[in-house]
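Structure file structure13.txt; described as compact mmCIF, C-alpha atoms and all ligand atoms.
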```txt
# COMPACT_ATOMS: atom_id res chain seq x y z
CA MET A 1 -28.43 -21.70 24.84
CA ILE A 2 -28.70 -23.05 21.31
CA ASN A 3 -28.11 -26.73 20.70
CA SER A 4 -24.43 -27.39 20.96
CA THR A 5 -24.67 -31.15 20.74
CA ILE A 6 -21.69 -31.81 18.48
CA TYR A 7 -19.49 -29.79 20.85
CA ASP A 8 -21.03 -31.58 23.85
CA ARG A 9 -20.15 -34.92 22.27
CA LEU A 10 -16.63 -33.72 21.61
CA GLY A 11 -16.32 -32.28 25.09
CA VAL A 12 -15.45 -28.80 23.81
CA PRO A 13 -17.03 -25.89 25.72
CA VAL A 14 -19.17 -23.54 23.64
CA ILE A 15 -18.20 -19.93 24.35
CA VAL A 16 -20.07 -16.66 24.27
CA ASN A 17 -18.23 -14.71 21.58
CA ALA A 18 -18.59 -11.02 22.40
CA ALA A 19 -15.21 -10.25 20.85
CA GLY A 20 -16.27 -10.32 17.19
CA PRO A 21 -15.26 -12.74 14.46
CA SER A 22 -11.66 -13.67 15.21
CA THR A 23 -9.86 -16.79 14.02
CA ARG A 24 -8.88 -17.77 17.56
CA LEU A 25 -12.55 -17.79 18.57
CA SER A 26 -13.61 -19.75 15.46
CA GLY A 27 -14.97 -16.85 13.39
CA ASN A 28 -18.72 -16.29 13.14
CA PRO A 29 -21.68 -18.46 13.87
CA MET A 30 -22.42 -19.10 10.17
CA ARG A 31 -25.74 -18.11 8.63
CA PRO A 32 -28.05 -21.14 8.23
CA GLU A 33 -28.36 -20.46 4.46
CA VAL A 34 -24.58 -20.66 4.11
CA ALA A 35 -24.38 -23.87 6.14
CA ALA A 36 -27.18 -25.37 4.01
CA ALA A 37 -25.40 -24.42 0.78
CA MET A 38 -22.20 -26.05 2.05
CA ALA A 39 -23.99 -29.25 3.00
CA GLU A 40 -25.59 -29.35 -0.45
CA ALA A 41 -22.23 -28.77 -2.13
CA SER A 42 -20.67 -31.59 -0.16
CA SER A 43 -22.92 -34.23 -1.73
CA ALA A 44 -21.49 -34.22 -5.26
CA CYS A 45 -18.23 -33.65 -7.13
CA VAL A 46 -17.42 -30.94 -9.67
CA GLN A 47 -14.27 -29.67 -11.37
CA ILE A 48 -12.94 -27.25 -8.79
CA LEU A 49 -11.93 -24.76 -11.51
CA ASP A 50 -15.49 -24.61 -12.84
CA LEU A 51 -16.53 -23.61 -9.33
CA GLN A 52 -13.68 -21.07 -9.08
CA GLY A 53 -14.97 -19.61 -12.37
CA ARG A 54 -18.32 -18.94 -10.65
CA ALA A 55 -16.55 -17.61 -7.55
CA SER A 56 -14.63 -15.23 -9.80
CA GLU A 57 -17.91 -13.89 -11.19
CA ALA A 58 -19.43 -13.52 -7.71
CA ILE A 59 -16.34 -11.73 -6.37
CA ALA A 60 -16.20 -9.49 -9.45
CA ARG A 61 -19.89 -8.57 -8.95
CA ALA A 62 -19.36 -7.76 -5.28
CA THR A 63 -16.09 -5.83 -5.65
CA GLY A 64 -16.12 -4.34 -9.12
CA ALA A 65 -12.83 -6.13 -9.88
CA GLU A 66 -12.14 -7.87 -13.20
CA ALA A 67 -11.76 -11.27 -11.54
CA GLY A 68 -11.56 -13.03 -8.20
CA LEU A 69 -10.43 -16.19 -6.51
CA ALA A 70 -11.85 -17.98 -3.48
CA THR A 71 -9.01 -18.65 -1.03
CA ALA A 72 -8.50 -20.33 2.33
CA GLY A 73 -8.66 -17.00 4.19
CA ALA A 74 -7.27 -13.51 3.69
CA ALA A 75 -3.80 -14.65 4.79
CA ALA A 76 -3.81 -17.21 1.96
CA ALA A 77 -5.02 -14.48 -0.40
CA LEU A 78 -2.05 -12.31 0.65
CA MET A 79 0.40 -15.12 -0.01
CA LEU A 80 -1.15 -15.77 -3.42
CA ALA A 81 -1.17 -12.04 -4.22
CA ALA A 82 2.57 -11.89 -3.51
CA ALA A 83 3.13 -15.09 -5.53
CA ALA A 84 1.21 -13.56 -8.46
CA CYS A 85 3.32 -10.38 -8.38
CA LEU A 86 6.55 -12.40 -8.09
CA ALA A 87 5.87 -14.89 -10.89
CA ARG A 88 3.21 -13.24 -13.10
CA LEU A 89 2.60 -15.88 -15.80
CA ASP A 90 6.19 -17.21 -15.82
CA LEU A 91 5.75 -20.91 -15.02
CA SER A 92 9.38 -21.53 -14.10
CA ARG A 93 9.21 -18.69 -11.57
CA MET A 94 6.04 -20.23 -10.13
CA ASN A 95 7.93 -23.50 -9.74
CA ARG A 96 10.80 -21.82 -7.87
CA LEU A 97 8.79 -20.03 -5.19
CA PRO A 98 9.53 -19.40 -2.35
CA ASP A 99 13.10 -19.36 -3.68
CA THR A 100 13.43 -15.91 -5.24
CA ASP A 101 17.24 -15.57 -5.37
CA GLY A 102 18.33 -13.62 -8.39
CA MET A 103 14.85 -12.56 -9.49
CA PRO A 104 12.89 -9.40 -8.66
CA ASN A 105 11.37 -10.05 -5.24
CA GLU A 106 10.85 -6.81 -3.28
CA ILE A 107 7.56 -5.46 -1.97
CA VAL A 108 7.68 -1.89 -0.64
CA MET A 109 5.51 -0.93 2.34
CA ALA A 110 5.29 1.68 5.08
CA ARG A 111 7.06 0.69 8.29
CA SER A 112 3.96 1.81 10.23
CA GLN A 113 1.89 -0.77 8.33
CA ARG A 114 4.04 -3.77 9.26
CA ASN A 115 1.83 -6.35 10.97
CA PHE A 116 1.82 -10.03 11.87
CA TYR A 117 -0.06 -10.94 8.68
CA ASP A 118 2.64 -9.60 6.36
CA ARG A 119 4.42 -12.90 6.98
CA SER A 120 2.07 -14.22 4.29
CA LEU A 121 3.84 -12.03 1.72
CA ARG A 122 7.20 -13.33 2.87
CA GLN A 123 5.93 -16.91 2.73
CA ALA A 124 5.72 -16.60 -1.05
CA GLY A 125 9.38 -15.53 -1.14
CA ALA A 126 8.97 -11.75 -1.16
CA LYS A 127 11.38 -9.48 0.71
CA LEU A 128 9.72 -6.57 2.47
CA VAL A 129 11.32 -3.17 2.02
CA GLU A 130 10.15 -0.76 4.73
CA VAL A 131 9.92 2.97 4.20
CA GLY A 132 9.13 5.93 6.44
CA ILE A 133 9.28 6.44 10.17
CA PRO A 134 5.93 6.45 12.02
CA ASP A 135 6.91 9.55 13.93
CA ARG A 136 3.26 10.47 14.58
CA PHE A 137 2.84 7.43 16.84
CA SER A 138 5.75 8.41 19.09
CA GLY A 139 4.28 11.75 20.00
CA ALA A 140 7.59 13.27 18.93
CA GLY A 141 6.36 14.34 15.50
CA VAL A 142 3.50 14.36 13.05
CA ARG A 143 4.71 12.51 9.96
CA ASP A 144 4.62 8.97 8.62
CA ALA A 145 5.74 7.35 5.36
CA GLU A 146 5.36 9.63 2.33
CA PRO A 147 4.91 8.88 -1.38
CA TRP A 148 8.42 10.07 -2.32
CA GLU A 149 9.88 7.50 0.06
CA TYR A 150 8.10 4.68 -1.79
CA GLU A 151 9.35 6.13 -5.05
CA ALA A 152 12.94 6.27 -3.76
CA ALA A 153 12.76 2.63 -2.62
CA ILE A 154 11.66 1.29 -6.01
CA THR A 155 14.42 -0.57 -7.88
CA PRO A 156 14.48 -3.12 -10.72
CA SER A 157 13.92 -5.72 -7.95
CA THR A 158 10.55 -4.27 -6.94
CA VAL A 159 7.53 -6.41 -7.80
CA ALA A 160 4.72 -4.61 -5.93
CA LEU A 161 3.73 -1.96 -3.41
CA PHE A 162 1.70 -2.97 -0.38
CA TRP A 163 -0.96 -1.00 1.50
CA LEU A 164 -2.79 -1.98 4.68
CA ALA A 165 -6.40 -0.79 4.65
CA GLN A 166 -6.94 0.96 7.98
CA ARG A 167 -8.67 4.17 8.86
CA ASN A 168 -5.38 5.79 9.87
CA SER A 169 -3.07 4.35 7.18
CA GLU A 170 -0.74 6.92 5.66
CA PRO A 171 -0.14 7.83 2.94
CA PRO A 172 -3.62 7.27 1.47
CA LEU A 173 -4.06 4.52 -1.10
CA SER A 174 -4.58 6.98 -3.98
CA GLU A 175 -1.05 8.35 -3.49
CA ILE A 176 0.48 4.86 -3.45
CA VAL A 177 -1.46 3.99 -6.60
CA ALA A 178 -0.11 7.10 -8.34
CA VAL A 179 3.48 6.06 -7.55
CA ALA A 180 2.81 2.47 -8.64
CA ARG A 181 1.29 3.59 -11.96
CA ARG A 182 4.38 5.68 -12.78
CA HIS A 183 6.50 2.56 -12.33
CA LYS A 184 4.01 0.06 -13.82
CA LEU A 185 3.89 -1.88 -10.55
CA PRO A 186 0.84 -3.53 -8.96
CA VAL A 187 -0.54 -2.49 -5.56
CA ILE A 188 -1.61 -5.21 -3.11
CA VAL A 189 -4.15 -4.19 -0.43
CA ASP A 190 -4.86 -6.11 2.77
CA ALA A 191 -8.53 -5.32 3.49
CA ALA A 192 -9.14 -8.49 5.51
CA GLY A 193 -11.16 -6.90 8.28
CA GLN A 194 -12.53 -3.76 6.63
CA MET A 195 -16.24 -4.54 6.84
CA PRO A 196 -18.51 -2.90 7.76
CA PRO A 197 -19.18 -0.86 5.71
CA ALA A 198 -20.00 -3.14 2.77
CA ALA A 199 -18.92 -0.28 0.47
CA ASN A 200 -15.34 -1.23 1.33
CA LEU A 201 -15.80 -4.31 -0.87
CA ARG A 202 -15.58 -1.93 -3.86
CA ARG A 203 -13.64 1.01 -2.49
CA PHE A 204 -10.05 -0.16 -2.86
CA ILE A 205 -10.58 -1.51 -6.39
CA ASP A 206 -12.24 1.83 -7.24
CA GLU A 207 -9.22 3.66 -5.85
CA GLY A 208 -6.93 1.71 -8.19
CA ALA A 209 -5.65 -1.30 -6.19
CA ASP A 210 -4.60 -4.20 -8.44
CA LEU A 211 -5.18 -6.98 -5.89
CA VAL A 212 -7.32 -6.79 -2.74
CA CYS A 213 -7.46 -9.49 -0.04
CA PHE A 214 -10.59 -10.04 2.08
CA SER A 215 -11.50 -12.43 4.84
CA GLY A 216 -14.59 -14.57 4.18
CA GLY A 217 -14.92 -15.64 7.80
CA LYS A 218 -15.14 -12.20 9.39
CA ALA A 219 -18.04 -9.78 8.79
CA ILE A 220 -19.03 -11.34 5.46
CA GLY A 221 -20.25 -14.38 7.38
CA GLY A 222 -18.81 -17.05 5.11
CA PRO A 223 -17.01 -20.20 6.22
CA GLN A 224 -14.34 -19.46 8.81
CA ALA A 225 -11.54 -20.78 6.61
CA SER A 226 -12.45 -18.77 3.50
CA GLY A 227 -11.26 -15.57 1.93
CA MET A 228 -11.05 -13.87 -1.40
CA LEU A 229 -8.59 -12.25 -3.72
CA ALA A 230 -10.12 -9.66 -6.05
CA GLY A 231 -8.34 -7.80 -8.79
CA ARG A 232 -6.77 -7.69 -12.22
CA ARG A 233 -7.52 -10.75 -14.28
CA ASP A 234 -3.89 -11.51 -15.29
CA LEU A 235 -2.76 -11.44 -11.66
CA VAL A 236 -5.75 -13.44 -10.39
CA GLN A 237 -5.03 -15.99 -13.13
CA SER A 238 -1.47 -16.32 -11.84
CA ALA A 239 -2.74 -16.75 -8.27
CA ALA A 240 -5.23 -19.40 -9.41
CA LEU A 241 -2.50 -21.34 -11.25
CA GLN A 242 -0.44 -21.36 -8.06
CA GLN A 243 -3.26 -22.46 -5.77
CA LEU A 244 -4.15 -25.69 -7.53
CA ASP A 245 -2.61 -29.06 -7.73
CA GLN A 246 -1.68 -29.76 -11.33
CA ASP A 247 -1.89 -33.55 -11.66
CA GLU A 248 -3.23 -33.10 -15.11
CA PHE A 249 -2.22 -33.44 -18.77
CA PHE A 250 -2.20 -29.97 -20.28
CA ALA A 251 -4.05 -31.30 -23.34
CA LEU A 252 -6.92 -32.51 -21.14
CA TRP A 253 -7.08 -29.33 -19.03
CA THR A 254 -10.31 -27.38 -19.59
CA PRO A 255 -10.20 -24.28 -17.38
CA PRO A 256 -13.06 -21.73 -17.49
CA PRO A 257 -12.16 -19.21 -20.23
CA ALA A 258 -13.47 -16.33 -18.10
CA LEU A 259 -10.48 -16.75 -15.78
CA PHE A 260 -7.77 -18.51 -17.84
CA ASP A 261 -6.17 -17.90 -21.26
CA LYS A 262 -5.18 -21.48 -21.99
CA ASP A 263 -3.80 -20.56 -25.45
CA ARG A 264 -1.36 -18.11 -23.94
CA LEU A 265 0.11 -20.59 -21.47
CA PRO A 266 2.96 -22.87 -22.55
CA GLY A 267 1.79 -25.60 -20.17
CA LEU A 268 1.04 -26.03 -16.51
CA PRO A 269 3.29 -25.24 -13.53
CA HIS A 270 3.97 -27.83 -10.85
CA HIS A 271 1.85 -27.82 -7.68
CA GLY A 272 1.91 -24.18 -6.63
CA ILE A 273 3.04 -22.46 -3.47
CA GLY A 274 -0.66 -22.03 -2.66
CA ARG A 275 -1.34 -25.75 -2.65
CA VAL A 276 -0.85 -25.78 1.15
CA ALA A 277 -3.80 -23.40 1.43
CA LYS A 278 -6.31 -25.28 -0.71
CA ILE A 279 -9.97 -24.47 -0.51
CA GLY A 280 -12.66 -27.12 -0.91
CA LYS A 281 -15.93 -27.06 -2.82
CA GLU A 282 -17.91 -26.59 0.40
CA GLU A 283 -16.00 -23.42 1.35
CA ILE A 284 -16.14 -22.02 -2.18
CA VAL A 285 -19.92 -22.53 -2.34
CA GLY A 286 -20.30 -21.15 1.20
CA LEU A 287 -18.26 -18.06 0.31
CA ILE A 288 -20.24 -17.35 -2.89
CA THR A 289 -23.51 -17.71 -0.94
CA ALA A 290 -22.32 -15.52 1.95
CA VAL A 291 -21.01 -12.74 -0.32
CA ASP A 292 -24.28 -12.56 -2.25
CA ILE A 293 -26.31 -12.40 0.98
CA TYR A 294 -23.93 -9.86 2.55
CA VAL A 295 -24.26 -7.50 -0.40
CA SER A 296 -28.04 -7.81 -0.75
CA GLU A 297 -28.80 -7.58 2.98
CA GLY A 298 -27.15 -4.18 3.36
CA ASP A 299 -25.44 -2.32 6.22
CA GLU A 300 -28.55 -0.65 7.57
CA ARG A 301 -30.32 -3.87 8.45
CA ARG A 302 -27.21 -5.33 10.12
CA GLY A 303 -26.49 -2.07 11.96
CA ALA A 304 -30.03 -1.95 13.35
CA ILE A 305 -29.74 -5.52 14.67
CA TRP A 306 -26.39 -4.80 16.34
CA ARG A 307 -27.68 -1.59 17.86
CA ALA A 308 -30.76 -3.37 19.25
CA THR A 309 -28.56 -6.12 20.73
CA CYS A 310 -26.35 -3.49 22.39
CA THR A 311 -29.38 -1.65 23.79
CA ARG A 312 -30.70 -4.89 25.30
CA LEU A 313 -27.29 -5.79 26.74
CA ALA A 314 -26.72 -2.35 28.29
CA ALA A 315 -30.21 -2.44 29.83
CA ALA A 316 -29.70 -5.97 31.20
CA ILE A 317 -26.36 -4.97 32.76
CA GLY A 318 -27.97 -1.94 34.39
CA THR A 319 -25.96 0.22 36.77
CA LEU A 320 -22.80 -0.92 38.54
CA PRO A 321 -20.70 0.87 41.17
CA GLY A 322 -17.70 2.70 39.70
CA VAL A 323 -18.60 1.62 36.15
CA GLU A 324 -19.86 3.75 33.29
CA VAL A 325 -21.92 1.65 30.88
CA ARG A 326 -22.29 3.16 27.43
CA ILE A 327 -23.12 2.24 23.85
CA SER A 328 -20.49 3.50 21.39
CA ASP A 329 -20.07 3.59 17.64
CA ASP A 330 -16.95 1.78 16.52
CA PRO A 331 -14.87 4.52 14.86
CA ARG A 332 -13.13 1.98 12.60
CA ARG A 333 -16.27 0.21 11.43
CA PRO A 334 -19.17 2.57 10.73
CA GLY A 335 -22.53 1.01 11.61
CA LEU A 336 -21.08 -1.24 14.32
CA SER A 337 -22.04 -0.41 17.91
CA THR A 338 -20.43 -1.87 21.01
CA VAL A 339 -21.28 -1.91 24.71
CA ASP A 340 -18.40 -0.44 26.72
CA LEU A 341 -17.94 -0.76 30.48
CA ILE A 342 -15.47 1.86 31.65
CA LEU A 343 -14.12 0.65 34.98
CA GLY A 344 -13.16 3.48 37.30
CA ALA A 345 -11.41 3.53 40.68
CA GLY A 346 -14.68 2.65 42.48
CA ALA A 347 -15.24 -0.55 40.46
CA ARG A 348 -14.92 -3.95 42.11
CA CYS A 349 -11.96 -4.87 39.85
CA ASP A 350 -10.01 -3.51 36.89
CA ALA A 351 -10.70 -4.30 33.24
CA ALA A 352 -8.00 -6.99 32.93
CA ALA A 353 -9.34 -8.87 35.97
CA ALA A 354 -12.91 -8.58 34.69
CA LEU A 355 -11.92 -9.95 31.28
CA SER A 356 -10.11 -12.85 32.82
CA GLY A 357 -13.03 -13.58 35.18
CA LEU A 358 -15.43 -13.62 32.22
CA GLN A 359 -13.20 -16.03 30.28
CA ARG A 360 -12.82 -18.44 33.16
CA GLY A 361 -16.53 -18.81 33.94
CA THR A 362 -19.15 -21.16 32.53
CA PRO A 363 -19.85 -20.53 29.75
CA PRO A 364 -16.56 -18.77 28.96
CA ILE A 365 -17.31 -15.23 27.78
CA PHE A 366 -14.87 -13.41 25.50
CA ALA A 367 -14.91 -9.61 25.26
CA VAL A 368 -12.73 -7.40 23.00
CA ALA A 369 -9.20 -7.95 24.31
CA GLY A 370 -7.67 -4.77 22.85
CA ALA A 371 -10.04 -2.50 24.81
CA VAL A 372 -8.35 -3.45 28.10
CA ARG A 373 -5.59 -0.94 27.32
CA ALA A 374 -8.24 1.78 27.61
CA GLY A 375 -9.50 0.38 30.94
CA MET A 376 -12.62 -0.98 29.26
CA VAL A 377 -14.52 -4.21 28.98
CA GLN A 378 -16.01 -3.98 25.50
CA PHE A 379 -18.68 -6.27 24.07
CA ASN A 380 -19.05 -6.63 20.28
CA PRO A 381 -22.51 -7.84 19.18
CA MET A 382 -21.55 -9.38 15.81
CA CYS A 383 -21.26 -13.01 16.91
CA LEU A 384 -23.82 -13.07 19.74
CA ARG A 385 -26.56 -15.70 19.64
CA PRO A 386 -29.98 -15.82 21.32
CA GLY A 387 -29.48 -16.18 25.08
CA ASP A 388 -25.97 -14.69 25.05
CA VAL A 389 -27.10 -11.20 26.14
CA GLU A 390 -28.66 -12.61 29.31
CA ALA A 391 -25.62 -14.84 30.01
CA ILE A 392 -23.25 -11.87 29.72
CA ALA A 393 -25.41 -9.57 31.89
CA ARG A 394 -25.75 -12.22 34.60
CA ARG A 395 -21.99 -12.78 34.83
CA VAL A 396 -21.12 -9.09 34.65
CA ARG A 397 -23.52 -8.39 37.53
CA ASP A 398 -22.12 -11.33 39.55
CA MET A 399 -18.63 -9.88 39.23
CA LEU A 400 -19.23 -6.15 39.34
CA ALA A 401 -22.54 -5.39 41.11
C1 LIG B 501 -7.89 -11.17 9.97
C2 LIG B 501 -6.83 -10.52 9.18
C3 LIG B 501 -6.08 -11.25 8.25
C4 LIG B 501 -6.23 -12.73 8.07
O1 LIG B 501 -7.50 -13.11 7.62
P1 LIG B 501 -7.91 -14.66 7.58
O2 LIG B 501 -9.15 -14.68 6.72
O3 LIG B 501 -8.15 -15.09 8.97
O4 LIG B 501 -6.79 -15.40 6.94
C5 LIG B 501 -5.14 -10.57 7.50
N1 LIG B 501 -4.93 -9.25 7.65
C6 LIG B 501 -5.63 -8.50 8.54
C7 LIG B 501 -5.35 -7.03 8.66
C8 LIG B 501 -6.61 -9.11 9.34
O5 LIG B 501 -7.31 -8.37 10.22
```
Translate this file's structure into structure tokens.
Amino acid sequence: MINSTIYDRLGVPVIVNAAGPSTRLSGNPMRPEVAAAMAEASSACVQILDLQGRASEAIARATGAEAGLATAGAAAALMLAAAACLARLDLSRMNRLPDTDGMPNEIVMARSQRNFYDRSLRQAGAKLVEVGIPDRFSGAGVRDAEPWEYEAAITPSTVALFWLAQRNSEPPLSEIVAVARRHKLPVIVDAAGQMPPAANLRRFIDEGADLVCFSGGKAIGGPQASGMLAGRRDLVQSAALQQLDQDEFFALWTPPPALFDKDRLPGLPHHGIGRVAKIGKEEIVGLITAVDIYVSEGDERRGAIWRATCTRLAAAIGTLPGVEVRISDDPRRPGLSTVDLILGAGARCDAAAALSGLQRGTPPIFAVAGAVRAGMVQFNPMCLRPGDVEAIARRVRDMLA
């Protein structure tokens, strides 16, 4: 196992993360180049807005958007996206959030796309208006929300439409964008976990989204507590104004002109709703570094490494009674392979018991929790480190051979 000295000193067990980069399991092991850039950034002070100006350029390069903002995660980006759509460049509205009584405050979304992260939109003061019935999921029917239902739900109180980027999201983004354009409303997209493929960095902006939220700590390999908001410059400017603290005389404020139109602002708002989700210079620098590496490295190289890791893991596990061991392609994330153990009636235990046994051992091993529903123990290679393949195979054989 790699040196885990800081965790040894703190008495915190290092885990084998075969579940992929999730917040609960502390994201990714960060690339050494990103860690080095963060350490370098930590040794001096800068004006945080000058750094956000550079982050905006890096995010714009990677996504094709007009502008971008480094945030403290995709959830923070969602909250700031909602805040931007609620307040635009109205400083007194910024100061009121999350109180939105008596001002337009509705975000329309498909009922089938409700998820635990949409709380971030509500945190800014938005009210969610659900449309459609996800009949296709019940097995009773085939339909889901449809564009006319969004259209019918739009009122003078609507500030944005929301779309969750998922392979099976309906209706498709292009149809939501068409409705939004007719009503001059922005579309917010949650694309937090949509990589791979790296092409998804550009796809939703290309398809007409006005604001797209990404996680920096998932596949991109940035700091765990980083994310990004990419989109229209006026909306990103509003988000940026609401993220900062504003202990500053307006006359002395020198924001980067690429992101801010100082002449068009009457002054500065108070500390914004996003101040609770501040991002430091180390994370901003780490995010910029990680995004540049992620884009230049390319999917093929990463896919080949994951596939090779899966091949080694499947070979090391070998054959087990009542268990089919196979390497699959993740249908949601092209280029990502996983190792799946399908536990049949002849296996020594079921998938839930195997998962729990793996978690309780030393070192604790975490597999993909959601696969248990399908009777599978699934291993995701994205966060595995040297030595992990052997540790997993040993424990799997102890339990199931
Ligand atoms: C992970 C995730 C988020 C939150 O991302 P963070 O960067 O951890 O804040 C939001 N939405 C979806 C769909 C996610 O998968």
Which polymer residues have any atom within 8 Å of an atom of Asn380 of chain A, counting all atoms listed in the file, with same-chain residues fewer than 5 positions away left out, as an mmCIF file with C-alpha atoms, keeping the file's coordinate frame?
```cif
data_model
loop_
_atom_site.group_PDB
_atom_site.id
_atom_site.type_symbol
_atom_site.label_atom_id
_atom_site.label_comp_id
_atom_site.auth_asym_id
_atom_site.auth_seq_id
_atom_site.Cartn_x
_atom_site.Cartn_y
_atom_site.Cartn_z
ATOM 1 C CA ALA A 18 -18.590 -11.020 22.400
ATOM 2 C CA ALA A 19 -15.210 -10.250 20.850
ATOM 3 C CA GLY A 20 -16.270 -10.320 17.190
ATOM 4 C CA SER A 337 -22.040 -0.410 17.910
ATOM 5 C CA THR A 338 -20.430 -1.870 21.010
ATOM 6 C CA VAL A 339 -21.280 -1.910 24.710
ATOM 7 C CA ALA A 367 -14.910 -9.610 25.260
ATOM 8 C CA VAL A 368 -12.730 -7.400 23.000
#
```
Give me the box for segment 20-38 of chain A as AutoDock Vina command-line options, namely the centre and edge lengths in Å to one decimal of a box along x, y and z that holds every listed atom plus 3 Å on each side.
```
--center_x -18.6 --center_y -18.2 --center_z 9.7 --size_x 25.5 --size_y 21.7 --size_z 23.8
```
Of the candidates A:Gly274, A:Gly68, A:Gly217, A:Pro266, which one gets nearest to ligand LIG 501 (chain B) if we count all atoms listed in the file?
-> A:Gly217
Residues at most 9 Å from ligand LIG 501 (chain B), using only C-alpha atoms and all ligand atoms? Could they come as an mmCIF file with C-alpha atoms, in the frame of the given file?
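Heads up, here's the output in part15.cif:
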```
data_model
loop_
_atom_site.group_PDB
_atom_site.id
_atom_site.type_symbol
_atom_site.label_atom_id
_atom_site.label_comp_id
_atom_site.auth_asym_id
_atom_site.auth_seq_id
_atom_site.Cartn_x
_atom_site.Cartn_y
_atom_site.Cartn_z
ATOM 1 C CA PRO A 21 -15.260 -12.740 14.460
ATOM 2 C CA SER A 22 -11.660 -13.670 15.210
ATOM 3 C CA THR A 23 -9.860 -16.790 14.020
ATOM 4 C CA GLY A 27 -14.970 -16.850 13.390
ATOM 5 C CA THR A 71 -9.010 -18.650 -1.030
ATOM 6 C CA ALA A 72 -8.500 -20.330 2.330
ATOM 7 C CA GLY A 73 -8.660 -17.000 4.190
ATOM 8 C CA ALA A 74 -7.270 -13.510 3.690
ATOM 9 C CA ALA A 75 -3.800 -14.650 4.790
ATOM 10 C CA ALA A 76 -3.810 -17.210 1.960
ATOM 11 C CA ALA A 77 -5.020 -14.480 -0.400
ATOM 12 C CA LEU A 78 -2.050 -12.310 0.650
ATOM 13 C CA ASN A 115 1.830 -6.350 10.970
ATOM 14 C CA PHE A 116 1.820 -10.030 11.870
ATOM 15 C CA TYR A 117 -0.060 -10.940 8.680
ATOM 16 C CA ASP A 118 2.640 -9.600 6.360
ATOM 17 C CA SER A 120 2.070 -14.220 4.290
ATOM 18 C CA LEU A 164 -2.790 -1.980 4.680
ATOM 19 C CA ALA A 165 -6.400 -0.790 4.650
ATOM 20 C CA GLN A 166 -6.940 0.960 7.980
ATOM 21 C CA ASP A 190 -4.860 -6.110 2.770
ATOM 22 C CA ALA A 191 -8.530 -5.320 3.490
ATOM 23 C CA ALA A 192 -9.140 -8.490 5.510
ATOM 24 C CA GLY A 193 -11.160 -6.900 8.280
ATOM 25 C CA GLN A 194 -12.530 -3.760 6.630
ATOM 26 C CA CYS A 213 -7.460 -9.490 -0.040
ATOM 27 C CA PHE A 214 -10.590 -10.040 2.080
ATOM 28 C CA SER A 215 -11.500 -12.430 4.840
ATOM 29 C CA GLY A 216 -14.590 -14.570 4.180
ATOM 30 C CA GLY A 217 -14.920 -15.640 7.800
ATOM 31 C CA LYS A 218 -15.140 -12.200 9.390
ATOM 32 C CA GLN A 224 -14.340 -19.460 8.810
ATOM 33 C CA ALA A 225 -11.540 -20.780 6.610
ATOM 34 C CA SER A 226 -12.450 -18.770 3.500
ATOM 35 C CA GLY A 227 -11.260 -15.570 1.930
ATOM 36 C CA MET A 228 -11.050 -13.870 -1.400
#
```
Considering all atoms listed in the file, return as an MDAnalysis selection string whatever protein or nucleic-acid residues lie within 10 Å of segment 290-304 of chain A, sequence-local ones (same chain, fewer than 4 positions apart) excluded.
-> chainID A and resid 30:31 33:35 37 55 58:59 61:63 195:199 201 216:217 219:223 284:286 308:310 334:337 382
Mind giving me the straight-line distance from atom CA of Phe250 of chain A to atom CA of Ser238 of chain A in Å, one decimal?
->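 Computed distance, atom CA of Phe250 of chain A to atom CA of Ser238 of chain A, equals 16.1 Å.
When atom CA of Leu173 of chain A is paired with atom CA of Ala65 of chain A, their separation reads 16.4 Å.
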For atom CA of Ala160 of chain A and atom CA of Pro186 of chain A, quote the distance in Å rounded to one decimal.
->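 That distance, rounded to one decimal, is 5.0 Å.
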Using all atoms listed in the file, which residues of segment 255-333 of chain A come within 8 Å of segment 383-397 of chain A, and what is the closest atom pair for each, with the distance in Å to one decimal? Give it as JSON lines, sorted by chain and residue number.
```
{"residue": "A:Thr309", "atom": "CA", "partner": "A:Val389", "partner_atom": "CA", "distance": 7.6}
{"residue": "A:Arg312", "atom": "CA", "partner": "A:Val389", "partner_atom": "CA", "distance": 7.3}
{"residue": "A:Leu313", "atom": "CA", "partner": "A:Val389", "partner_atom": "CA", "distance": 5.4}
{"residue": "A:Ala316", "atom": "CA", "partner": "A:Ala393", "partner_atom": "CA", "distance": 5.6}
{"residue": "A:Ile317", "atom": "CA", "partner": "A:Ala393", "partner_atom": "CA", "distance": 4.8}
{"residue": "A:Leu320", "atom": "CA", "partner": "A:Arg397", "partner_atom": "CA", "distance": 7.6}
```
Write out as a PyMOL selection string each polymer residue whose atoms come within 8 Å of Met109 of chain A, counting only C-alpha atoms; drop sequence neighbours fewer than 4 positions from it.
-> chain A and resi 113-114+128-131+150+161-163
Which neighbours of His270 of chain A fall inside 9 Å, counting only C-alpha atoms, when residues of the same chain fewer than 3 positions from it are skipped, and could you give them as a list in words?
-> Leu91, Ser92, Met94, Asn95, Gln242, Asp245, Gln246 and Asp247 of chain A
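Between Gly64 of chain A and the candidates A:Ser138, A:Asn105, A:Asn200, A:Thr362, the tightest atom-to-atom separation, counting all atoms listed in the file, involves A:Asn200.
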Expected residue set, 9 Å radius at (-3.7, -13.8, -6.8), all atoms listed in the file, as number ranges by chain | A: 68-69, 77-85, 211-213, 229-243
